[in-house]
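Asker: The following file, coords_29.cif, comprises mmCIF, C-alpha atoms:
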```cif
data_structure
loop_
_atom_site.group_PDB
_atom_site.id
_atom_site.type_symbol
_atom_site.label_atom_id
_atom_site.label_comp_id
_atom_site.auth_asym_id
_atom_site.auth_seq_id
_atom_site.Cartn_x
_atom_site.Cartn_y
_atom_site.Cartn_z
ATOM 1 C CA MET A 75 -118.375 155.399 -105.475
ATOM 2 C CA LYS A 76 -116.401 155.925 -108.666
ATOM 3 C CA ASN A 77 -113.781 158.591 -108.365
ATOM 4 C CA HIS A 78 -115.071 160.530 -111.367
ATOM 5 C CA ASN A 79 -118.589 160.760 -109.900
ATOM 6 C CA MET A 80 -117.168 161.864 -106.587
ATOM 7 C CA ARG A 81 -115.156 164.609 -108.247
ATOM 8 C CA GLN A 82 -118.194 165.901 -110.114
ATOM 9 C CA GLN A 83 -120.279 165.939 -106.966
ATOM 10 C CA LEU A 84 -117.544 167.726 -105.069
ATOM 11 C CA VAL A 85 -117.234 170.407 -107.754
ATOM 12 C CA GLN A 86 -120.979 171.043 -107.507
ATOM 13 C CA LEU A 87 -120.769 171.131 -103.729
ATOM 14 C CA GLY A 88 -117.869 173.580 -103.736
ATOM 15 C CA ASN A 89 -119.791 176.855 -103.584
ATOM 16 C CA GLY A 90 -122.239 175.768 -100.926
ATOM 17 C CA ALA A 91 -119.445 174.258 -98.883
ATOM 18 C CA HIS A 92 -117.529 177.509 -99.228
ATOM 19 C CA ALA A 93 -120.555 179.492 -98.030
ATOM 20 C CA LEU A 94 -120.884 177.225 -95.004
ATOM 21 C CA ALA A 95 -117.180 177.464 -94.196
ATOM 22 C CA THR A 96 -117.303 181.261 -94.616
ATOM 23 C CA GLN A 97 -120.163 181.468 -92.140
ATOM 24 C CA MET A 98 -118.184 179.345 -89.696
ATOM 25 C CA LEU A 99 -114.754 180.893 -90.137
ATOM 26 C CA GLY A 100 -115.866 184.428 -90.944
ATOM 27 C CA ASN A 101 -113.315 184.753 -93.685
ATOM 28 C CA ALA A 102 -113.631 183.822 -97.367
ATOM 29 C CA GLU A 103 -109.933 183.018 -97.797
ATOM 30 C CA ASP A 104 -109.791 180.714 -94.791
ATOM 31 C CA ALA A 105 -112.971 179.100 -96.055
ATOM 32 C CA THR A 106 -111.409 178.444 -99.468
ATOM 33 C CA ASP A 107 -108.428 176.808 -97.797
ATOM 34 C CA ALA A 108 -110.678 174.724 -95.580
ATOM 35 C CA VAL A 109 -112.749 173.442 -98.503
ATOM 36 C CA HIS A 110 -109.587 172.763 -100.470
ATOM 37 C CA ASP A 111 -108.084 170.819 -97.551
ATOM 38 C CA VAL A 112 -111.149 168.612 -97.226
ATOM 39 C CA PHE A 113 -111.308 168.034 -100.989
ATOM 40 C CA VAL A 114 -107.677 166.948 -101.065
ATOM 41 C CA ARG A 115 -108.111 164.756 -98.001
ATOM 42 C CA LEU A 116 -111.110 163.041 -99.557
ATOM 43 C CA LEU A 117 -109.458 162.600 -102.945
ATOM 44 C CA ARG A 118 -106.421 161.041 -101.319
ATOM 45 C CA LYS A 119 -108.567 158.610 -99.372
ATOM 46 C CA PRO A 120 -111.853 158.199 -101.262
ATOM 47 C CA ASP A 121 -112.530 155.002 -99.301
ATOM 48 C CA ALA A 122 -113.085 157.156 -96.213
ATOM 49 C CA TYR A 123 -116.566 157.757 -97.611
ATOM 50 C CA ASP A 124 -118.796 154.723 -97.185
ATOM 51 C CA VAL A 125 -121.723 154.769 -99.634
ATOM 52 C CA SER A 126 -123.801 152.621 -97.296
ATOM 53 C CA LYS A 127 -123.819 155.459 -94.749
ATOM 54 C CA GLY A 128 -125.877 157.710 -97.023
ATOM 55 C CA PRO A 129 -125.379 160.389 -99.693
ATOM 56 C CA LEU A 130 -122.047 162.136 -100.120
ATOM 57 C CA LYS A 131 -123.381 165.679 -99.645
ATOM 58 C CA PRO A 132 -124.301 165.631 -95.913
ATOM 59 C CA TRP A 133 -121.336 163.421 -95.085
ATOM 60 C CA PHE A 134 -118.923 165.766 -96.844
ATOM 61 C CA LEU A 135 -120.445 168.805 -95.148
ATOM 62 C CA ARG A 136 -120.083 167.124 -91.765
ATOM 63 C CA VAL A 137 -116.392 166.479 -92.454
ATOM 64 C CA LEU A 138 -115.969 170.089 -93.575
ATOM 65 C CA ARG A 139 -117.783 171.375 -90.506
ATOM 66 C CA ASN A 140 -115.570 169.342 -88.195
ATOM 67 C CA HIS A 141 -112.502 170.624 -90.023
ATOM 68 C CA CYS A 142 -113.718 174.224 -89.572
ATOM 69 C CA ILE A 143 -114.275 173.567 -85.868
ATOM 70 C CA ASP A 144 -110.676 172.320 -85.625
ATOM 71 C CA LEU A 145 -109.461 175.475 -87.382
ATOM 72 C CA ILE A 146 -111.456 177.708 -85.034
ATOM 73 C CA ARG A 147 -109.942 175.915 -82.032
ATOM 74 C CA GLN A 148 -106.459 176.531 -83.383
ATOM 75 C CA ARG A 149 -107.068 180.250 -83.730
ATOM 76 C CA ARG A 150 -105.882 182.759 -81.224
ATOM 77 C CA PRO A 151 -108.362 183.710 -78.496
ATOM 78 C CA GLY A 152 -110.434 186.796 -79.069
ATOM 79 C CA HIS A 153 -110.634 186.338 -82.814
ATOM 80 C CA SER A 154 -113.975 187.637 -84.037
ATOM 81 C CA ALA A 155 -115.650 186.119 -87.045
ATOM 82 C CA VAL A 156 -118.348 188.784 -86.988
ATOM 83 C CA GLU A 157 -115.917 191.620 -87.545
ATOM 84 C CA GLU A 158 -114.419 189.951 -90.574
ATOM 85 C CA LEU A 159 -117.788 189.172 -92.076
ATOM 86 C CA SER A 160 -118.751 192.824 -92.112
ATOM 87 C CA ASP A 161 -115.679 193.602 -94.176
ATOM 88 C CA PRO A 162 -116.196 192.905 -97.889
ATOM 89 C CA GLY A 163 -112.443 192.444 -98.127
ATOM 90 C CA PRO A 164 -110.070 193.327 -100.904
ATOM 91 C CA GLY A 165 -111.126 192.264 -104.317
ATOM 92 C CA PRO A 166 -112.130 193.251 -107.830
ATOM 93 C CA GLN A 167 -115.363 194.760 -109.051
ATOM 94 C CA ALA A 168 -117.233 191.478 -108.696
ATOM 95 C CA ALA A 169 -116.512 191.250 -104.997
ATOM 96 C CA LEU A 170 -117.745 194.801 -104.524
ATOM 97 C CA GLU A 171 -121.008 194.119 -106.346
ATOM 98 C CA ILE A 172 -121.650 190.980 -104.335
ATOM 99 C CA ALA A 173 -120.853 192.807 -101.132
ATOM 100 C CA GLN A 174 -123.250 195.636 -101.972
ATOM 101 C CA ARG A 175 -126.077 193.354 -102.985
ATOM 102 C CA ASP A 176 -125.907 190.941 -100.120
ATOM 103 C CA GLN A 177 -124.214 192.991 -97.458
ATOM 104 C CA GLY A 178 -127.424 193.382 -95.477
ATOM 105 C CA LEU A 179 -127.940 189.645 -95.441
ATOM 106 C CA GLN A 180 -124.304 188.967 -94.577
ATOM 107 C CA LEU A 181 -124.431 191.420 -91.697
ATOM 108 C CA ALA A 182 -127.661 189.962 -90.394
ATOM 109 C CA LEU A 183 -126.259 186.434 -90.641
ATOM 110 C CA ALA A 184 -123.155 187.544 -88.800
ATOM 111 C CA LYS A 185 -125.323 188.569 -85.862
ATOM 112 C CA LEU A 186 -126.732 185.067 -85.456
ATOM 113 C CA SER A 187 -125.094 182.266 -83.531
ATOM 114 C CA ALA A 188 -122.787 179.912 -85.429
ATOM 115 C CA GLY A 189 -125.350 177.116 -85.225
ATOM 116 C CA GLN A 190 -128.112 179.324 -86.617
ATOM 117 C CA ARG A 191 -125.934 180.491 -89.507
ATOM 118 C CA GLN A 192 -125.016 176.934 -90.375
ATOM 119 C CA ILE A 193 -128.553 175.590 -90.388
ATOM 120 C CA ILE A 194 -129.785 178.464 -92.552
ATOM 121 C CA VAL A 195 -127.002 178.025 -95.085
ATOM 122 C CA LEU A 196 -127.559 174.272 -95.224
ATOM 123 C CA ARG A 197 -131.300 174.572 -95.795
ATOM 124 C CA ASP A 198 -131.909 177.810 -97.637
ATOM 125 C CA TYR A 199 -128.674 178.207 -99.559
ATOM 126 C CA MET A 200 -127.685 174.572 -100.156
ATOM 127 C CA ASP A 201 -131.210 173.139 -100.166
ATOM 128 C CA LEU A 202 -130.449 170.152 -97.941
ATOM 129 C CA SER A 203 -133.375 168.125 -96.625
ATOM 130 C CA TYR A 204 -133.994 167.993 -92.885
ATOM 131 C CA ALA A 205 -132.569 164.473 -92.744
ATOM 132 C CA GLU A 206 -129.402 165.619 -94.520
ATOM 133 C CA ILE A 207 -129.081 168.620 -92.214
ATOM 134 C CA ALA A 208 -129.338 166.298 -89.210
ATOM 135 C CA THR A 209 -126.482 164.205 -90.620
ATOM 136 C CA ALA A 210 -124.332 167.221 -91.471
ATOM 137 C CA LEU A 211 -124.792 168.891 -88.094
ATOM 138 C CA GLU A 212 -124.826 165.645 -86.128
ATOM 139 C CA ILE A 213 -128.114 166.492 -84.425
ATOM 140 C CA ALA A 214 -131.368 164.575 -83.947
ATOM 141 C CA PRO A 215 -133.598 164.793 -87.057
ATOM 142 C CA GLY A 216 -136.553 165.796 -84.896
ATOM 143 C CA THR A 217 -134.844 168.997 -83.782
ATOM 144 C CA VAL A 218 -134.033 170.364 -87.234
ATOM 145 C CA MET A 219 -137.387 172.024 -87.905
ATOM 146 C CA SER A 220 -137.525 173.872 -84.581
ATOM 147 C CA ARG A 221 -133.878 175.007 -84.758
ATOM 148 C CA LEU A 222 -134.311 176.157 -88.320
ATOM 149 C CA HIS A 223 -137.469 178.055 -87.510
ATOM 150 C CA ARG A 224 -135.824 179.835 -84.595
ATOM 151 C CA ALA A 225 -132.846 180.692 -86.779
ATOM 152 C CA ARG A 226 -135.105 182.091 -89.483
ATOM 153 C CA LEU A 227 -137.026 184.205 -87.000
ATOM 154 C CA ALA A 228 -133.758 185.542 -85.604
ATOM 155 C CA LEU A 229 -132.486 186.324 -89.086
ATOM 156 C CA ARG A 230 -135.730 188.034 -90.030
ATOM 157 C CA GLU A 231 -135.491 190.169 -86.929
ATOM 158 C CA GLU A 232 -131.916 191.149 -87.726
ATOM 159 C CA LEU A 233 -132.829 191.975 -91.304
ATOM 160 C CA THR A 234 -135.706 194.159 -90.136
ATOM 161 C CA ARG A 235 -133.373 195.918 -87.724
ATOM 162 C CA HIS A 236 -130.695 196.580 -90.363
ATOM 163 C CA GLY A 237 -133.051 197.192 -93.268
ATOM 164 C CA MET B 281 -166.841 179.419 -85.336
ATOM 165 C CA VAL B 282 -165.485 177.619 -82.266
ATOM 166 C CA LYS B 283 -163.208 175.575 -84.459
ATOM 167 C CA GLN B 284 -161.891 178.701 -86.146
ATOM 168 C CA LYS B 285 -161.225 180.313 -82.800
ATOM 169 C CA GLN B 286 -159.343 177.198 -81.657
ATOM 170 C CA ALA B 287 -157.215 177.173 -84.804
ATOM 171 C CA VAL B 288 -156.271 180.816 -84.471
ATOM 172 C CA ASP B 289 -155.392 180.397 -80.820
ATOM 173 C CA GLN B 290 -152.832 177.709 -81.611
ATOM 174 C CA HIS B 291 -150.323 179.321 -83.911
ATOM 175 C CA LEU B 292 -148.266 176.966 -85.971
ATOM 176 C CA GLY B 293 -144.752 178.187 -85.177
ATOM 177 C CA GLU B 294 -142.098 175.855 -86.570
ATOM 178 C CA TRP B 295 -144.655 174.046 -88.709
ATOM 179 C CA LEU B 296 -144.634 177.081 -90.976
ATOM 180 C CA SER B 297 -140.984 176.446 -91.716
ATOM 181 C CA GLY B 298 -141.711 172.783 -92.302
ATOM 182 C CA PHE B 299 -144.505 173.803 -94.673
ATOM 183 C CA VAL B 300 -142.302 176.183 -96.645
ATOM 184 C CA ASP B 301 -139.626 173.478 -96.892
ATOM 185 C CA GLY B 302 -142.051 170.745 -97.952
ATOM 186 C CA GLU B 303 -141.082 168.623 -94.960
ATOM 187 C CA LEU B 304 -144.548 168.067 -93.488
ATOM 188 C CA THR B 305 -146.828 165.080 -93.970
ATOM 189 C CA GLN B 306 -149.994 165.408 -96.013
ATOM 190 C CA GLN B 307 -152.057 165.683 -92.834
ATOM 191 C CA GLU B 308 -149.808 168.358 -91.365
ATOM 192 C CA ARG B 309 -149.873 170.332 -94.600
ATOM 193 C CA GLN B 310 -153.656 170.292 -94.581
ATOM 194 C CA ARG B 311 -153.665 171.555 -91.025
ATOM 195 C CA VAL B 312 -151.363 174.423 -91.927
ATOM 196 C CA THR B 313 -153.453 175.313 -94.966
ATOM 197 C CA LEU B 314 -156.672 175.318 -92.974
ATOM 198 C CA HIS B 315 -155.116 177.325 -90.179
ATOM 199 C CA CYS B 316 -153.717 179.955 -92.512
ATOM 200 C CA GLU B 317 -157.145 180.457 -94.044
ATOM 201 C CA VAL B 318 -158.390 181.809 -90.735
ATOM 202 C CA CYS B 319 -155.231 183.179 -89.115
ATOM 203 C CA ASP B 320 -153.848 186.394 -90.540
ATOM 204 C CA ALA B 321 -150.714 186.311 -88.376
ATOM 205 C CA CYS B 322 -149.635 182.856 -89.556
ATOM 206 C CA ARG B 323 -150.492 183.648 -93.168
ATOM 207 C CA GLU B 324 -148.305 186.717 -92.947
ATOM 208 C CA ASP B 325 -145.537 184.733 -91.268
ATOM 209 C CA LEU B 326 -145.700 182.135 -93.990
ATOM 210 C CA ALA B 327 -145.362 184.781 -96.682
ATOM 211 C CA LYS B 328 -142.413 186.367 -94.858
ATOM 212 C CA LEU B 329 -140.693 183.003 -94.509
ATOM 213 C CA ARG B 330 -141.055 182.405 -98.240
ATOM 214 C CA VAL B 331 -139.564 185.803 -99.008
ATOM 215 C CA LEU B 332 -136.687 185.164 -96.615
ATOM 216 C CA ARG B 333 -135.966 181.771 -98.114
ATOM 217 C CA GLU B 334 -136.008 183.231 -101.614
ATOM 218 C CA ARG B 335 -133.640 185.985 -100.576
ATOM 219 C CA ILE B 336 -131.113 183.559 -99.110
ATOM 220 C CA SER B 337 -131.315 181.058 -101.938
ATOM 221 C CA THR B 338 -130.567 183.752 -104.521
ATOM 222 C CA ALA B 339 -127.835 185.451 -102.489
ATOM 223 C CA HIS B 340 -124.140 185.182 -103.280
ATOM 224 C CA LEU B 341 -122.780 183.830 -100.045
ATOM 225 C CA SER B 342 -119.754 182.461 -101.850
ATOM 226 C CA GLU B 343 -117.871 184.399 -104.498
ATOM 227 C CA VAL B 344 -115.806 181.410 -105.568
ATOM 228 C CA GLY B 345 -116.867 179.924 -108.886
ATOM 229 C CA GLU B 346 -117.150 176.253 -109.799
ATOM 230 C CA ASP B 347 -114.052 176.641 -111.944
ATOM 231 C CA LYS B 348 -111.981 177.098 -108.825
ATOM 232 C CA TRP B 349 -113.119 173.737 -107.452
ATOM 233 C CA ARG B 350 -112.685 172.061 -110.821
ATOM 234 C CA GLU B 351 -109.159 173.414 -110.874
ATOM 235 C CA THR B 352 -108.558 171.943 -107.438
ATOM 236 C CA MET B 353 -109.679 168.549 -108.708
ATOM 237 C CA ASN B 354 -107.506 168.839 -111.790
ATOM 238 C CA ASP B 355 -104.496 169.909 -109.806
ATOM 239 C CA PHE B 356 -104.837 166.942 -107.580
ATOM 240 C CA GLY B 357 -106.034 164.133 -109.789
ATOM 241 C CA VAL B 358 -104.946 164.844 -113.324
ATOM 242 C CA HIS B 359 -101.629 166.623 -113.279
ATOM 243 C CA THR B 360 -99.705 164.018 -111.325
ATOM 244 C CA PRO B 361 -100.651 160.986 -113.462
ATOM 245 C CA ARG B 362 -100.186 163.076 -116.585
ATOM 246 C CA ARG B 363 -96.670 164.024 -115.530
ATOM 247 C CA ILE B 364 -95.858 160.390 -114.787
ATOM 248 C CA GLY B 365 -97.255 159.389 -118.184
ATOM 249 C CA TRP B 366 -95.148 161.945 -120.009
ATOM 250 C CA LEU B 367 -92.040 160.948 -118.077
ATOM 251 C CA MET B 368 -92.532 157.279 -118.906
ATOM 252 C CA LEU B 369 -93.122 158.049 -122.576
ATOM 253 C CA ILE B 370 -90.039 160.270 -122.826
ATOM 254 C CA ALA B 371 -87.894 157.712 -120.958
ATOM 255 C CA GLY B 372 -89.020 154.944 -123.353
ATOM 256 C CA LEU B 373 -88.351 157.069 -126.430
ATOM 257 C CA LEU B 374 -84.919 158.071 -125.119
ATOM 258 C CA ALA B 375 -84.043 154.411 -124.463
ATOM 259 C CA ILE B 376 -85.053 153.441 -128.014
ATOM 260 C CA ALA B 377 -83.126 156.410 -129.432
ATOM 261 C CA GLY B 378 -80.073 155.465 -127.337
ATOM 262 C CA ILE B 379 -80.107 151.870 -128.536
ATOM 263 C CA GLY B 380 -80.526 153.063 -132.126
ATOM 264 C CA LEU B 381 -77.684 155.566 -131.726
ATOM 265 C CA VAL B 382 -75.292 152.981 -130.302
ATOM 266 C CA GLY B 383 -76.180 150.552 -133.128
ATOM 267 C CA PHE B 384 -75.681 153.329 -135.683
ATOM 268 C CA LEU B 385 -72.325 154.525 -134.283
ATOM 269 C CA PHE B 386 -70.814 151.045 -134.009
ATOM 270 C CA SER B 387 -72.193 149.716 -137.271
ATOM 271 C CA ASP B 388 -69.537 148.605 -139.801
ATOM 272 C CA GLU B 389 -71.994 148.751 -142.712
ATOM 273 C CA ILE B 390 -72.281 152.580 -142.737
ATOM 274 C CA HIS B 391 -69.378 154.695 -144.006
ATOM 275 C CA ILE B 392 -67.840 157.109 -141.454
ATOM 276 C CA GLY B 393 -68.575 160.092 -143.739
ATOM 277 C CA MET B 394 -72.242 159.174 -143.952
ATOM 278 C CA LYS B 395 -72.292 158.759 -140.183
ATOM 279 C CA LEU B 396 -70.951 162.293 -139.699
ATOM 280 C CA ILE B 397 -73.499 163.747 -142.137
ATOM 281 C CA LEU B 398 -76.392 161.982 -140.425
ATOM 282 C CA ILE B 399 -75.088 163.030 -136.986
ATOM 283 C CA ALA B 400 -74.938 166.648 -138.184
ATOM 284 C CA ILE B 401 -78.510 166.539 -139.551
ATOM 285 C CA TYR B 402 -80.086 164.859 -136.534
ATOM 286 C CA GLY B 403 -77.907 166.795 -134.084
ATOM 287 C CA GLY B 404 -79.009 170.057 -135.726
ATOM 288 C CA LEU B 405 -82.669 169.074 -135.583
ATOM 289 C CA ALA B 406 -82.344 168.071 -131.934
ATOM 290 C CA THR B 407 -80.638 171.365 -131.064
ATOM 291 C CA LEU B 408 -83.342 173.389 -132.837
ATOM 292 C CA LEU B 409 -86.071 171.415 -131.108
ATOM 293 C CA TYR B 410 -84.397 171.938 -127.754
ATOM 294 C CA SER B 411 -84.053 175.697 -128.253
ATOM 295 C CA VAL B 412 -87.718 176.069 -129.311
ATOM 296 C CA LEU B 413 -88.919 173.991 -126.350
ATOM 297 C CA ARG B 414 -86.746 175.965 -123.957
ATOM 298 C CA GLN B 415 -88.072 179.262 -125.268
ATOM 299 C CA ARG B 416 -91.680 178.068 -124.994
ATOM 300 C CA LEU B 417 -91.137 176.886 -121.435
ATOM 301 C CA ILE B 418 -89.606 180.211 -120.390
ATOM 302 C CA GLU B 419 -92.490 182.123 -122.015
ATOM 303 C CA ARG B 420 -95.048 179.869 -120.359
ATOM 304 C CA LYS B 421 -93.682 180.652 -116.939
ATOM 305 C CA THR B 422 -93.499 184.402 -117.422
ATOM 306 C CA ASP B 423 -96.464 185.064 -119.734
ATOM 307 C CA LYS B 424 -98.960 187.058 -117.669
ATOM 308 C CA TYR B 425 -101.632 186.804 -120.354
ATOM 309 C CA LYS B 426 -101.640 182.989 -120.552
ATOM 310 C CA ASP B 427 -104.930 182.686 -118.655
ATOM 311 C CA VAL B 428 -106.728 185.349 -120.652
ATOM 312 C CA GLU B 429 -109.543 183.891 -122.703
ATOM 313 C CA ILE B 430 -110.255 185.619 -125.992
#
```
Rewrite the structure from the file as structure tokens, please.

Answerer:
Amino acid sequence: MKNHNMRQQLVQLGNGAHALATQMLGNAEDATDAVHDVFVRLLRKPDAYDVSKGPLKPWFLRVLRNHCIDLIRQRRPGHSAVEELSDPGPGPQAALEIAQRDQGLQLALAKLSAGQRQIIVLRDYMDLSYAEIATALEIAPGTVMSRLHRARLALREELTRHG
Amino acid sequence: MVKQKQAVDQHLGEWLSGFVDGELTQQERQRVTLHCEVCDACREDLAKLRVLRERISTAHLSEVGEDKWRETMNDFGVHTPRRIGWLMLIAGLLAIAGIGLVGFLFSDEIHIGMKLILIAIYGGLATLLYSVLRQRLIERKTDKYKDVEI
């Protein structure tokens, strides 16, 4: 893949990747760093991505997910991602507006398991196909629909509970 | 009537998600459609799933804009080669200027007085250029409004 095309695709993937990393790490700043790290790593070694293995999007998200898992392992024990997610964090007016508008959804998502959050973000926020989700999460394609459905039901329940 | 009863008894579960996502085969889609015509619970579930999906897809789960990622790309891929390019260009120009200066200073064809005058003119221009560049560089580093777009 030509470097320019890869860069453009990565720019477009940035926000979705950041949302996924935020759901995994529970912290927008850590998520930004994680996405940045993976971008830099990929730009330094673009050959790491083999076009014959499929589209860039699910492959990149899998790399990002594995990087987030590494970061979580490095964290101190007892660190709670849920607590951080409920905090809109310091920021300007824009951050406050976003927090107000989507706080209910963020809180409900924070109540789900990490796997459920990831699959919902990949499908409903990033619009990945089931095949792409299977690649990104390294799971069997046949299990995507059932996992996603369970995650959606759990999210719906949490949203009903929190209004 | 029996068929309807059978269809209602077997709720579709995860197929509803597959239907909403457009991931079912034609045959499966038809089955969902037919089932929802007779099953209020599944029809309601389907509608709720659509609403949920819409809510998530329009949410702001990331407050970082595309510009941030573009900046990351630029920082990594453009700045370094650009710096190298500028350095090479400046080094080449300085080498040419140095050779020219040596030739000019040791030339017997130009009178010493003319040499001094030319040195004064070009030296003055170089000093002025240096001072302006220096000032601009200092301002660039400390100007807090440099990123403000008007």

Asker: Using all atoms listed in the file, which chain B residues lie at most 6 Å away from chain A, written as a list in words?

Answerer: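 Taking all atoms listed in the file into account, Glu294, Ser297, Arg333, Ile336, Ser337, Leu341, Ser342, Trp349 and Arg350 of chain B sit within 6 Å of chain A.
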
Asker: For the provided coordinates, the residues matched by the PyMOL selection byres ((chain B and resi 325) around 10) should be stated as a PyMOL selection string.

Answerer: (chain A and resi 227) or (chain B and resi 292-293+296-297+316+320-324+326-331)

Asker: In Å, how far is it from CA of Leu138 (chain A) to CA of Ala210 (chain A)?

Answerer: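 Spanning CA of Leu138 (chain A) to CA of Ala210 (chain A) is a straight-line distance of 9.1 Å.
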
Asker: One number please: CA of Ile207 (chain A) to CA of Thr234 (chain A), in Å, one decimal.

Answerer: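 We find that CA of Ile207 (chain A) and CA of Thr234 (chain A) lie 26.5 Å from each other.
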
Asker: I'd like the interatomic distance between CA of Gln83 (chain A) and CA of Leu332 (chain B), to a tenth of an Å.

Answerer: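 A separation of 27.3 Å between them.
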